[in-house]
Structure formats: structure tokens, C-alpha cells
$ cat structure-v6.pdb   # PDB, C-alpha atoms and all ligand atoms
ATOM      1  CA  MET A 866      10.409 -92.355  58.405
ATOM      2  CA  SER A 867       8.104 -90.202  60.462
ATOM      3  CA  VAL A 868       5.374 -91.452  62.813
ATOM      4  CA  VAL A 869       2.367 -89.239  63.472
ATOM      5  CA  ALA A 870      -0.565 -90.064  65.730
ATOM      6  CA  GLU A 871      -3.679 -87.933  65.734
ATOM      7  CA  ASN A 872      -6.298 -88.020  68.481
ATOM      8  CA  LEU A 873      -5.969 -91.712  69.307
ATOM      9  CA  HIS A 874      -8.612 -93.214  71.553
ATOM     10  CA  TRP A 875      -8.688 -96.833  72.667
ATOM     11  CA  GLY A 876     -10.342 -98.769  75.446
ATOM     12  CA  VAL A 877     -12.199-101.918  76.362
ATOM     13  CA  LYS A 878     -15.843-102.070  77.332
ATOM     14  CA  ARG A 879     -16.447 -98.924  79.335
ATOM     15  CA  LYS A 880     -12.812 -98.423  80.317
ATOM     16  CA  THR A 881     -10.885 -95.791  78.397
ATOM     17  CA  ILE A 882      -7.205 -96.728  78.236
ATOM     18  CA  VAL A 883      -5.733 -94.300  75.683
ATOM     19  CA  THR A 884      -7.303 -90.841  75.625
ATOM     20  CA  ASP A 885      -6.879 -88.391  72.772
ATOM     21  CA  VAL A 886      -3.183 -88.994  72.195
ATOM     22  CA  SER A 887      -1.487 -86.987  69.464
ATOM     23  CA  LEU A 888       2.252 -87.073  68.912
ATOM     24  CA  SER A 889       4.819 -87.013  66.173
ATOM     25  CA  VAL A 890       8.221 -88.592  65.818
ATOM     26  CA  ALA A 891      10.646 -87.186  63.280
ATOM     27  CA  PRO A 892      12.706 -89.461  60.999
ATOM     28  CA  GLY A 893      15.687 -90.783  62.949
ATOM     29  CA  GLU A 894      14.370 -89.552  66.272
ATOM     30  CA  THR A 895      14.320 -91.655  69.462
ATOM     31  CA  LEU A 896      11.166 -90.897  71.422
ATOM     32  CA  GLY A 897      10.872 -92.177  74.997
ATOM     33  CA  LEU A 898       7.509 -93.142  76.439
ATOM     34  CA  ILE A 899       7.355 -93.004  80.212
ATOM     35  CA  GLY A 900       4.559 -93.162  82.758
ATOM     36  CA  PRO A 901       3.473 -95.090  85.837
ATOM     37  CA  ASN A 902       2.284 -98.711  85.704
ATOM     38  CA  GLY A 903      -0.972 -98.974  83.828
ATOM     39  CA  SER A 904      -0.697 -95.500  82.266
ATOM     40  CA  GLY A 905      -1.147 -96.970  78.773
ATOM     41  CA  LYS A 906       2.408 -97.161  77.360
ATOM     42  CA  SER A 907       2.110-100.695  75.941
ATOM     43  CA  SER A 908      -1.377 -99.995  74.611
ATOM     44  CA  LEU A 909      -0.200 -96.836  72.873
ATOM     45  CA  LEU A 910       2.850 -98.579  71.379
ATOM     46  CA  ARG A 911       0.594-101.293  69.959
ATOM     47  CA  LEU A 912      -1.690 -98.673  68.424
ATOM     48  CA  LEU A 913       1.284 -96.867  66.891
ATOM     49  CA  ALA A 914       2.652-100.117  65.451
ATOM     50  CA  GLY A 915      -0.713-101.138  63.973
ATOM     51  CA  LEU A 916      -1.072-104.168  66.272
ATOM     52  CA  LYS A 917      -4.289-102.707  67.716
ATOM     53  CA  ARG A 918      -6.917-100.618  65.957
ATOM     54  CA  PRO A 919      -7.864 -97.344  67.642
ATOM     55  CA  LEU A 920     -11.535 -96.684  68.386
ATOM     56  CA  SER A 921     -10.936 -93.313  66.771
ATOM     57  CA  GLY A 922      -7.979 -91.323  65.528
ATOM     58  CA  ARG A 923      -5.256 -92.360  63.122
ATOM     59  CA  VAL A 924      -1.602 -93.239  62.825
ATOM     60  CA  GLU A 925       0.536 -92.304  59.847
ATOM     61  CA  ILE A 926       3.922 -93.829  59.161
ATOM     62  CA  ASN A 927       5.885 -92.064  56.468
ATOM     63  CA  GLY A 928       2.756 -90.102  55.582
ATOM     64  CA  GLN A 929       0.611 -93.215  55.033
ATOM     65  CA  ASP A 930      -2.402 -94.097  57.164
ATOM     66  CA  ILE A 931      -1.432 -97.511  58.581
ATOM     67  CA  ALA A 932      -5.069 -98.648  58.556
ATOM     68  CA  GLN A 933      -4.746 -98.677  54.730
ATOM     69  CA  VAL A 934      -1.501-100.688  54.652
ATOM     70  CA  SER A 935      -1.406-104.509  54.683
ATOM     71  CA  ARG A 936       0.109-106.232  57.713
ATOM     72  CA  ARG A 937       2.887-107.697  55.549
ATOM     73  CA  ALA A 938       3.790-104.387  53.935
ATOM     74  CA  LEU A 939       3.806-102.759  57.367
ATOM     75  CA  SER A 940       6.087-105.424  58.805
ATOM     76  CA  ARG A 941       8.696-104.682  56.132
ATOM     77  CA  GLN A 942       9.000-101.209  57.615
ATOM     78  CA  VAL A 943       8.038-101.576  61.256
ATOM     79  CA  ALA A 944       9.420-103.869  63.968
ATOM     80  CA  PHE A 945       8.015-104.335  67.447
ATOM     81  CA  VAL A 946       9.954-105.644  70.442
ATOM     82  CA  GLN A 947       7.415-106.833  72.963
ATOM     83  CA  GLN A 948       7.759-106.979  76.713
ATOM     84  CA  SER A 949       8.919-110.534  77.615
ATOM     85  CA  ALA A 950       7.754-112.056  74.351
ATOM     86  CA  ALA A 951       7.362-115.812  74.275
ATOM     87  CA  THR A 952       8.838-117.904  71.509
ATOM     88  CA  ASP A 953       8.126-121.518  70.604
ATOM     89  CA  THR A 954      10.428-123.846  72.393
ATOM     90  CA  ASN A 955      12.783-126.221  70.629
ATOM     91  CA  VAL A 956      14.294-123.699  68.282
ATOM     92  CA  SER A 957      17.782-122.299  68.160
ATOM     93  CA  VAL A 958      18.696-118.665  68.706
ATOM     94  CA  ARG A 959      19.540-118.383  65.023
ATOM     95  CA  ASP A 960      16.082-119.718  64.056
ATOM     96  CA  VAL A 961      14.383-117.093  66.211
ATOM     97  CA  VAL A 962      16.386-114.305  64.590
ATOM     98  CA  ARG A 963      15.743-115.760  61.114
ATOM     99  CA  LEU A 964      12.021-115.205  61.723
ATOM    100  CA  GLY A 965      12.771-111.499  61.429
ATOM    101  CA  ARG A 966      13.379-112.031  57.698
ATOM    102  CA  THR A 967       9.859-113.418  57.064
ATOM    103  CA  PRO A 968       8.288-110.158  55.789
ATOM    104  CA  HIS A 969      11.041-109.794  53.192
ATOM    105  CA  ARG A 970      10.833-113.304  51.722
ATOM    106  CA  SER A 971       8.475-114.627  49.104
ATOM    107  CA  ALA A 972       7.122-118.177  49.278
ATOM    108  CA  LEU A 973       9.357-119.302  46.428
ATOM    109  CA  ALA A 974      12.585-117.515  47.199
ATOM    110  CA  GLY A 975      15.344-119.352  49.007
ATOM    111  CA  TRP A 976      17.400-118.067  51.870
ATOM    112  CA  SER A 977      19.572-115.321  50.389
ATOM    113  CA  GLU A 978      22.934-113.825  51.171
ATOM    114  CA  ALA A 979      21.145-110.646  52.253
ATOM    115  CA  ASP A 980      19.013-112.677  54.711
ATOM    116  CA  GLU A 981      22.130-114.315  56.137
ATOM    117  CA  THR A 982      23.925-110.979  56.506
ATOM    118  CA  ALA A 983      20.920-109.383  58.239
ATOM    119  CA  VAL A 984      20.779-112.265  60.739
ATOM    120  CA  SER A 985      24.488-112.321  61.526
ATOM    121  CA  THR A 986      24.669-108.522  61.800
ATOM    122  CA  ALA A 987      21.687-108.501  64.166
ATOM    123  CA  LEU A 988      23.194-111.215  66.373
ATOM    124  CA  ALA A 989      26.479-109.344  66.540
ATOM    125  CA  ARG A 990      24.771-106.062  67.453
ATOM    126  CA  VAL A 991      23.225-107.589  70.564
ATOM    127  CA  ASP A 992      26.351-109.511  71.472
ATOM    128  CA  MET A 993      24.769-112.931  70.903
ATOM    129  CA  THR A 994      26.845-114.369  68.031
ATOM    130  CA  GLY A 995      28.435-116.925  70.328
ATOM    131  CA  HIS A 996      24.987-118.220  71.341
ATOM    132  CA  ARG A 997      23.581-118.666  67.831
ATOM    133  CA  ALA A 998      23.364-122.461  67.963
ATOM    134  CA  GLN A 999      22.007-122.572  71.528
ATOM    135  CA  ALA A1000      18.427-123.682  72.193
ATOM    136  CA  TRP A1001      16.258-120.634  72.860
ATOM    137  CA  GLN A1002      14.629-122.130  75.952
ATOM    138  CA  THR A1003      18.006-122.553  77.650
ATOM    139  CA  LEU A1004      18.834-118.818  77.494
ATOM    140  CA  SER A1005      18.734-116.529  80.510
ATOM    141  CA  GLY A1006      16.053-113.811  80.683
ATOM    142  CA  GLY A1007      18.425-111.101  79.514
ATOM    143  CA  GLU A1008      19.771-113.232  76.671
ATOM    144  CA  ARG A1009      16.213-113.922  75.491
ATOM    145  CA  GLN A1010      15.509-110.235  75.503
ATOM    146  CA  ARG A1011      18.582-109.569  73.375
ATOM    147  CA  VAL A1012      17.569-112.294  70.916
ATOM    148  CA  HIS A1013      14.146-110.669  70.525
ATOM    149  CA  ILE A1014      15.838-107.386  69.794
ATOM    150  CA  ALA A1015      18.044-109.171  67.245
ATOM    151  CA  ARG A1016      14.949-110.602  65.576
ATOM    152  CA  ALA A1017      13.561-107.072  65.229
ATOM    153  CA  LEU A1018      16.907-105.821  63.849
ATOM    154  CA  ALA A1019      17.018-108.688  61.318
ATOM    155  CA  GLN A1020      13.758-107.306  59.982
ATOM    156  CA  THR A1021      15.821-104.246  58.906
ATOM    157  CA  PRO A1022      12.956-101.932  59.849
ATOM    158  CA  GLN A1023      12.826 -98.203  59.371
ATOM    159  CA  VAL A1024      10.695 -97.721  62.457
ATOM    160  CA  MET A1025      11.095 -99.661  65.675
ATOM    161  CA  PHE A1026       8.758 -99.806  68.665
ATOM    162  CA  LEU A1027      10.240-101.243  71.842
ATOM    163  CA  ASP A1028       8.287-102.053  74.975
ATOM    164  CA  GLU A1029      10.613-102.055  77.978
ATOM    165  CA  PRO A1030      13.569-103.446  75.995
ATOM    166  CA  THR A1031      15.911-103.171  78.980
ATOM    167  CA  ASN A1032      13.828-105.484  81.187
ATOM    168  CA  HIS A1033      16.011-108.288  82.523
ATOM    169  CA  LEU A1034      19.224-106.733  81.204
ATOM    170  CA  ASP A1035      22.310-106.053  83.268
ATOM    171  CA  ILE A1036      23.412-102.429  83.327
ATOM    172  CA  HIS A1037      26.037-102.900  80.598
ATOM    173  CA  HIS A1038      23.479-104.343  78.192
ATOM    174  CA  GLN A1039      20.805-101.789  79.188
ATOM    175  CA  ILE A1040      23.166 -99.039  78.121
ATOM    176  CA  GLU A1041      24.425-100.900  75.042
ATOM    177  CA  ILE A1042      20.905-101.644  73.765
ATOM    178  CA  LEU A1043      19.682 -98.079  74.238
ATOM    179  CA  ARG A1044      22.850 -96.631  72.727
ATOM    180  CA  MET A1045      22.363 -98.899  69.739
ATOM    181  CA  VAL A1046      18.700 -97.910  69.348
ATOM    182  CA  ARG A1047      19.652 -94.242  69.499
ATOM    183  CA  ASP A1048      22.516 -94.616  67.023
ATOM    184  CA  LEU A1049      20.686 -96.782  64.485
ATOM    185  CA  ASP A1050      19.550 -94.873  61.455
ATOM    186  CA  LEU A1051      15.874 -95.425  62.192
ATOM    187  CA  THR A1052      12.941 -93.859  63.982
ATOM    188  CA  SER A1053      12.173 -95.397  67.350
ATOM    189  CA  VAL A1054       9.631 -95.172  70.128
ATOM    190  CA  VAL A1055      10.703 -96.857  73.328
ATOM    191  CA  ALA A1056       8.725 -97.385  76.520
ATOM    192  CA  LEU A1057      11.003 -97.220  79.550
ATOM    193  CA  HIS A1058      10.618 -97.320  83.312
ATOM    194  CA  ASP A1059      14.115 -96.119  84.113
ATOM    195  CA  LEU A1060      13.819 -92.337  83.935
ATOM    196  CA  ASN A1061      17.570 -91.770  83.967
ATOM    197  CA  LEU A1062      18.045 -94.066  80.989
ATOM    198  CA  ALA A1063      15.206 -92.246  79.223
ATOM    199  CA  ALA A1064      16.958 -88.945  79.949
ATOM    200  CA  MET A1065      20.301 -90.271  78.684
ATOM    201  CA  PHE A1066      19.201 -91.800  75.404
ATOM    202  CA  CYS A1067      15.968 -90.190  74.190
ATOM    203  CA  ASP A1068      15.813 -87.077  72.013
ATOM    204  CA  ARG A1069      12.362 -86.310  73.387
ATOM    205  CA  ILE A1070      10.106 -87.860  75.996
ATOM    206  CA  VAL A1071       6.330 -88.268  76.144
ATOM    207  CA  VAL A1072       4.861 -88.712  79.618
ATOM    208  CA  LEU A1073       1.644 -90.702  79.805
ATOM    209  CA  ASP A1074      -0.660 -90.491  82.774
ATOM    210  CA  GLU A1075      -3.980 -92.336  82.871
ATOM    211  CA  GLY A1076      -3.844 -92.813  79.114
ATOM    212  CA  ALA A1077      -3.298 -89.161  78.231
ATOM    213  CA  VAL A1078      -0.190 -87.188  77.275
ATOM    214  CA  ARG A1079       0.812 -85.243  80.338
ATOM    215  CA  ALA A1080       4.008 -83.710  78.927
ATOM    216  CA  CYS A1081       6.143 -83.904  75.804
ATOM    217  CA  GLY A1082       9.542 -82.385  75.107
ATOM    218  CA  THR A1083      13.282 -82.723  75.613
ATOM    219  CA  PRO A1084      14.374 -84.628  78.736
ATOM    220  CA  ASP A1085      15.365 -81.472  80.604
ATOM    221  CA  ALA A1086      12.055 -79.763  79.784
ATOM    222  CA  VAL A1087       9.948 -82.744  80.832
ATOM    223  CA  LEU A1088      11.732 -84.271  83.811
ATOM    224  CA  THR A1089      11.007 -81.650  86.418
ATOM    225  CA  ARG A1090      10.607 -82.105  90.156
ATOM    226  CA  ALA A1091       6.967 -81.088  89.894
ATOM    227  CA  LEU A1092       6.209 -83.658  87.188
ATOM    228  CA  LEU A1093       7.988 -86.437  89.078
ATOM    229  CA  ARG A1094       5.990 -85.599  92.181
ATOM    230  CA  GLU A1095       2.626 -85.291  90.441
ATOM    231  CA  VAL A1096       2.824 -88.142  87.930
ATOM    232  CA  PHE A1097       5.226 -90.615  89.544
ATOM    233  CA  ARG A1098       4.532 -89.645  93.175
ATOM    234  CA  VAL A1099       8.231 -89.456  94.098
ATOM    235  CA  ALA A1100      10.457 -86.763  95.541
ATOM    236  CA  ALA A1101      13.659 -86.182  93.625
ATOM    237  CA  ASP A1102      16.530 -83.798  92.993
ATOM    238  CA  ILE A1103      17.518 -83.137  89.422
ATOM    239  CA  THR A1104      21.136 -82.470  88.581
ATOM    240  CA  GLY A1105      23.660 -83.107  85.863
ATOM    241  CA  LEU A1106      22.635 -80.619  83.221
ATOM    242  CA  SER A1107      26.222 -79.410  82.820
ATOM    243  CA  ASP A1108      28.321 -81.551  80.449
ATOM    244  CA  THR A1109      25.798 -83.745  78.634
ATOM    245  CA  GLY A1110      22.908 -81.314  78.750
ATOM    246  CA  ARG A1111      20.835 -84.188  80.103
ATOM    247  CA  PRO A1112      19.197 -84.259  83.494
ATOM    248  CA  HIS A1113      20.088 -86.804  86.122
ATOM    249  CA  ILE A1114      17.468 -87.720  88.710
ATOM    250  CA  ARG A1115      18.380 -88.587  92.268
ATOM    251  CA  PHE A1116      15.399 -89.979  94.132
ATOM    252  CA  ARG A1117      14.890 -88.962  97.733
ATOM    253  CA  PRO A1118      13.360 -91.232 100.323
ATOM    254  CA  GLU A1119      10.715 -89.252 102.193
TER     255      GLU A1119
HETATM  256  N1  LIG B1201      -7.237-105.958  76.739
HETATM  257  C1  LIG B1201      -7.394-105.312  77.898
HETATM  258  N2  LIG B1201      -8.518-105.508  78.652
HETATM  259  C2  LIG B1201      -8.698-104.846  79.818
HETATM  260  N3  LIG B1201      -7.832-103.956  80.331
HETATM  261  C3  LIG B1201      -6.701-103.725  79.625
HETATM  262  C4  LIG B1201      -6.426-104.384  78.368
HETATM  263  N4  LIG B1201      -5.241-103.955  77.908
HETATM  264  C5  LIG B1201      -4.773-103.058  78.830
HETATM  265  N5  LIG B1201      -5.654-102.936  79.856
HETATM  266  C6  LIG B1201      -5.517-102.037  81.014
HETATM  267  O1  LIG B1201      -5.142-100.776  80.501
HETATM  268  C7  LIG B1201      -4.229-100.128  81.369
HETATM  269  C8  LIG B1201      -2.981 -99.752  80.602
HETATM  270  O2  LIG B1201      -2.245-100.910  80.321
HETATM  271  P1  LIG B1201      -0.827-100.860  79.598
HETATM  272  O3  LIG B1201      -0.287-102.256  79.577
HETATM  273  O4  LIG B1201      -0.987-100.158  78.313
HETATM  274  O5  LIG B1201      -0.021 -99.935  80.625
HETATM  275  P2  LIG B1201       1.545 -99.689  80.769
HETATM  276  O6  LIG B1201       1.716 -98.224  80.955
HETATM  277  O7  LIG B1201       2.286-100.324  79.643
HETATM  278  O8  LIG B1201       1.826-100.429  82.121
HETATM  279  P3  LIG B1201       3.172-101.083  82.776
HETATM  280  O9  LIG B1201       4.099 -99.936  83.070
HETATM  281  O10 LIG B1201       2.651-101.683  84.032
HETATM  282  O11 LIG B1201       3.723-102.083  81.789
HETATM  283  C9  LIG B1201      -3.993-101.075  82.522
HETATM  284  O12 LIG B1201      -4.817-100.704  83.590
HETATM  285  C10 LIG B1201      -4.407-102.441  81.962
HETATM  286  O13 LIG B1201      -4.893-103.282  82.985
END
$ encode --input "structure-v6.pdb" --output "C-alpha cells"
Amino acid sequence: MSVVAENLHWGVKRKTIVTDVSLSVAPGETLGLIGPNGSGKSSLLRLLAGLKRPLSGRVEINGQDIAQVSRRALSRQVAFVQQSAATDTNVSVRDVVRLGRTPHRSALAGWSEADETAVSTALARVDMTGHRAQAWQTLSGGERQRVHIARALAQTPQVMFLDEPTNHLDIHHQIEILRMVRDLDLTSVVALHDLNLAAMFCDRIVVLDEGAVRACGTPDAVLTRALLREVFRVAADITGLSDTGRPHIRFRPE
């Protein structure tokens, strides 16, 4: 499914937070969203996912204006992994992941084989099968993050929005989660702080700066020394284009 945003504006009171953002994500593509703290990544993701209404502009998912689609219908197609999402205490890991099936179930239908398969597949994908009976509140930060990703996977979405999904994860799981997102047969938009991970796993990258799109393109086109200096205020050398075709950034203390 494609995602297209046209001229999105959003803000609160007199503060403009997202300014005239237009972008498109092709079916199956993994789009990275990078930018300094406060540049509007989370706000933009929420607009794209229909969790916030833009002041002006529109978002289309699979050619449909999401403002015209019910929340329930949207949640059958779109999953959102929030930054450090909270979950009610006193529930098991399995219960949290089961919540991902809610949009697909009617009030009268029982728990189906398909629901069970979606939950167990999702737990396995994030390496949490062995924790399924554990109480959610006893998990470590990284395990909680993986359970939230599993909940989104159990939703069997066609589009996934992820806000800093690698927060709290050790390097193995950072790479595993991003590899999985890239390899899943769905369209994804993922906000990331780690620029090297963005370069490794994203097909294209959008750079946000003060709420506006500063650059958009393949990792090697976007991640230039000049952009890193101007937007992120860091000095860096960029290498590694040879075998993978993807840039590698080495930051320089100055
Ligand atoms: N509801 C709100 N009311 C007031 N200000 C807000 C609101 N939501 C976001 N902001 C402000 O908008 C700006 C963008 O926030 P946002 O969370 O989208 O940035 P971000 O790029 O995701 O940041 P980070 O990298 O720090 O997570 C910030 O300055 C934030 O304080």
C-alpha cells in the first residue's frame, strides 16, 4: 500500500510544528525519518497514521483520504509503534500482543486459529516466545519495546509507522528489528536517531528540520557532510559506499 502526504501543516496555538510536508512512500518501501530533537518526526508520523488531524493538507493510504476512513477500518491496515508506549500493568506479554488482533475481531466472534497464529508468529519474530507468559511490568525496557512491536505485527498491517523502534534495544536487536521491518512485505515509515542504521536499512530517507522537509532521497544522496553539518550540527566523514552501496558515517570530535 502506498502512503502519500500532501502539504501537511500542523501546530498548536501559534507554534507551527509541521510545515508544508509532502512525501510519498511506495508499496513495500521502508522510508526513514530523521532529524534533530524536536524537528517534528513524531508529530509527522502521527499525522501520517491518522492519530492527529492536520490543520491543512491530506494523507492518502492506498489512494484513500484517511480523513474519510473510520478509525477501526484504518487500524486493520495501519499499525503504529509508539516511542516508549505504556501498557496497563497486570497483563501478560501474550495479552498485550493479543490486543493487536482487536481491529480484526467482531464482538461476537471467538478467538480464532488465525488470531492465535498471528500472535505466535509475532512473538517469534521479535524473539519473545519464551516470555509469553511473563507479566508485562516485569520486562526490561528492550523486551517491552519488542512486545510493542509484536503487538503491531499481530495486527497484520499493510502499513507500519514506527517511532524510534530501536530505543532501549541492544545492538543485536536493533539490527534484527530493522532488518525485519525492511524485509516484511509491507510499507513502513520509521523515525530513527541512529543515522548509520537509517543508512543501512532504509530505501529512502526524509530529513526533517524545524518541521519542514530538508532533504529526501536515497541514503547516499541525503547523508552528505554538508547536511550533517547544517542540520545535525556535527562534523563527520562519510565512507563505505563500496560493497553495500550504503554510506557509513564516522563522526569527528571537533
Ligand atoms: N501537543 C503539543 N503541544 C505543544 N508542543 C508540542 C506538542 N506536540 C509536539 N510539540 C512540540 O513540537 C516539536 C516537535 O515535536 P516532536 O515530538 O514531533 O519532535 P521529534 O522530532 O519527534 O523529537 P525527538 O527527536 O526529540 O523525539 C517539539 O518542539 C515539541 O515540544
$ atom_distance --input "structure-v6.pdb" --atom1 "CA of Gln1023 in chain A" --atom2 "CA of Ser921 in chain A"
25.4 Å
$ residues_around --input "structure-v6.pdb" --residues "His1033 in chain A" --least-positions-apart "5" --cutoff "8 Å" --atoms "only C-alpha atoms" --output "list of chain:residue names"
A:Gly1006, A:Gly1007, A:Gln1010
$ closest_atom_pairs --input "structure-v6.pdb" --of "chain A" --to "ligand LIG 1201 (chain B)" --cutoff "6 Å" --atoms "all atoms listed in the file" --output "JSON lines"
{"residue": "A:Val877", "atom": "CA", "partner": "B:LIG1201", "partner_atom": "N2", "distance": 5.6}
{"residue": "A:Ile882", "atom": "CA", "partner": "B:LIG1201", "partner_atom": "O1", "distance": 5.1}
{"residue": "A:Pro901", "atom": "CA", "partner": "B:LIG1201", "partner_atom": "O9", "distance": 5.6}
{"residue": "A:Asn902", "atom": "CA", "partner": "B:LIG1201", "partner_atom": "O9", "distance": 3.4}
{"residue": "A:Gly903", "atom": "CA", "partner": "B:LIG1201", "partner_atom": "O5", "distance": 3.5}
{"residue": "A:Ser904", "atom": "CA", "partner": "B:LIG1201", "partner_atom": "O6", "distance": 3.9}
{"residue": "A:Gly905", "atom": "CA", "partner": "B:LIG1201", "partner_atom": "O4", "distance": 3.2}
{"residue": "A:Lys906", "atom": "CA", "partner": "B:LIG1201", "partner_atom": "O6", "distance": 3.8}
{"residue": "A:Ser907", "atom": "CA", "partner": "B:LIG1201", "partner_atom": "O7", "distance": 3.7}
{"residue": "A:Ser908", "atom": "CA", "partner": "B:LIG1201", "partner_atom": "O4", "distance": 3.7}
$ atom_distance --input "structure-v6.pdb" --atom1 "CA of Gly965 in chain A" --atom2 "CA of Ala1015 in chain A"
8.2 Å
$ residues_around --input "structure-v6.pdb" --residues "Val1071 in chain A" --least-positions-apart "3" --cutoff "6 Å" --atoms "all atoms listed in the file" --output "ChimeraX atom specification"
/A:898,1080-1081
$ resolve_selection --input "structure-v6.pdb" --expression "the PyMOL selection byres (((chain A and resi 931-943) around 6) and not hetatm)" --output "NGL selection string"
:A and (925 or 929-930 or 944 or 968 or 1022-1025)
$ write_last_selection --input "structure-v6.pdb" --atoms "C-alpha atoms" --output "compact mmCIF listing (two decimals), keeping the file's coordinate frame"
# COMPACT_ATOMS: atom_id res chain seq x y z
CA GLU A 925 0.54 -92.30 59.85
CA GLN A 929 0.61 -93.22 55.03
CA ASP A 930 -2.40 -94.10 57.16
CA ALA A 944 9.42 -103.87 63.97
CA PRO A 968 8.29 -110.16 55.79
CA PRO A 1022 12.96 -101.93 59.85
CA GLN A 1023 12.83 -98.20 59.37
CA VAL A 1024 10.70 -97.72 62.46
CA MET A 1025 11.10 -99.66 65.68
$ decode --input "structure-v6.pdb" --residues "range 992-1009 of chain A" --atoms "N, CA and C atoms" --output "PDB file, in the first residue's frame"
ATOM      1  N   ASP A 992      11.490 -12.491  18.877  1.00  0.00           N
ATOM      2  CA  ASP A 992      12.322 -13.265  19.783  1.00  0.00           C
ATOM      3  C   ASP A 992      11.787 -13.229  21.208  1.00  0.00           C
ATOM      4  N   MET A 993      10.458 -13.250  21.368  1.00  0.00           N
ATOM      5  CA  MET A 993       9.879 -13.137  22.706  1.00  0.00           C
ATOM      6  C   MET A 993       8.964 -14.319  23.056  1.00  0.00           C
ATOM      7  N   THR A 994       9.035 -15.400  22.266  1.00  0.00           N
ATOM      8  CA  THR A 994       8.147 -16.542  22.525  1.00  0.00           C
ATOM      9  C   THR A 994       8.337 -17.074  23.950  1.00  0.00           C
ATOM     10  N   GLY A 995       9.564 -17.152  24.372  1.00  0.00           N
ATOM     11  CA  GLY A 995       9.866 -17.696  25.695  1.00  0.00           C
ATOM     12  C   GLY A 995       9.346 -16.825  26.840  1.00  0.00           C
ATOM     13  N   HIS A 996       8.961 -15.595  26.536  1.00  0.00           N
ATOM     14  CA  HIS A 996       8.481 -14.683  27.591  1.00  0.00           C
ATOM     15  C   HIS A 996       6.954 -14.548  27.577  1.00  0.00           C
ATOM     16  N   ARG A 997       6.259 -15.379  26.782  1.00  0.00           N
ATOM     17  CA  ARG A 997       4.844 -15.069  26.535  1.00  0.00           C
ATOM     18  C   ARG A 997       3.973 -15.078  27.789  1.00  0.00           C
ATOM     19  N   ALA A 998       4.347 -15.887  28.784  1.00  0.00           N
ATOM     20  CA  ALA A 998       3.509 -15.932  29.989  1.00  0.00           C
ATOM     21  C   ALA A 998       3.971 -14.928  31.057  1.00  0.00           C
ATOM     22  N   GLN A 999       5.050 -14.228  30.792  1.00  0.00           N
ATOM     23  CA  GLN A 999       5.608 -13.308  31.799  1.00  0.00           C
ATOM     24  C   GLN A 999       4.733 -12.060  31.954  1.00  0.00           C
ATOM     25  N   ALA A1000       4.709 -11.510  33.160  1.00  0.00           N
ATOM     26  CA  ALA A1000       3.947 -10.272  33.386  1.00  0.00           C
ATOM     27  C   ALA A1000       4.654  -9.117  32.678  1.00  0.00           C
ATOM     28  N   TRP A1001       3.883  -8.305  31.969  1.00  0.00           N
ATOM     29  CA  TRP A1001       4.454  -7.239  31.155  1.00  0.00           C
ATOM     30  C   TRP A1001       5.313  -6.292  32.003  1.00  0.00           C
ATOM     31  N   GLN A1002       4.829  -5.987  33.208  1.00  0.00           N
ATOM     32  CA  GLN A1002       5.555  -4.982  34.008  1.00  0.00           C
ATOM     33  C   GLN A1002       6.894  -5.482  34.529  1.00  0.00           C
ATOM     34  N   THR A1003       7.148  -6.789  34.402  1.00  0.00           N
ATOM     35  CA  THR A1003       8.445  -7.304  34.861  1.00  0.00           C
ATOM     36  C   THR A1003       9.483  -7.354  33.737  1.00  0.00           C
ATOM     37  N   LEU A1004       9.108  -6.944  32.524  1.00  0.00           N
ATOM     38  CA  LEU A1004      10.047  -6.992  31.397  1.00  0.00           C
ATOM     39  C   LEU A1004      11.060  -5.859  31.475  1.00  0.00           C
ATOM     40  N   SER A1005      12.196  -6.063  30.848  1.00  0.00           N
ATOM     41  CA  SER A1005      13.183  -4.981  30.720  1.00  0.00           C
ATOM     42  C   SER A1005      12.688  -4.004  29.646  1.00  0.00           C
ATOM     43  N   GLY A1006      13.333  -2.840  29.574  1.00  0.00           N
ATOM     44  CA  GLY A1006      12.927  -1.809  28.603  1.00  0.00           C
ATOM     45  C   GLY A1006      12.951  -2.326  27.169  1.00  0.00           C
ATOM     46  N   GLY A1007      14.013  -3.044  26.838  1.00  0.00           N
ATOM     47  CA  GLY A1007      14.144  -3.549  25.468  1.00  0.00           C
ATOM     48  C   GLY A1007      13.120  -4.634  25.166  1.00  0.00           C
ATOM     49  N   GLU A1008      12.834  -5.468  26.177  1.00  0.00           N
ATOM     50  CA  GLU A1008      11.825  -6.515  25.978  1.00  0.00           C
ATOM     51  C   GLU A1008      10.442  -5.885  25.779  1.00  0.00           C
ATOM     52  N   ARG A1009      10.152  -4.837  26.538  1.00  0.00           N
ATOM     53  CA  ARG A1009       8.863  -4.146  26.363  1.00  0.00           C
ATOM     54  C   ARG A1009       8.727  -3.591  24.951  1.00  0.00           C
TER      55      ARG A1009
END
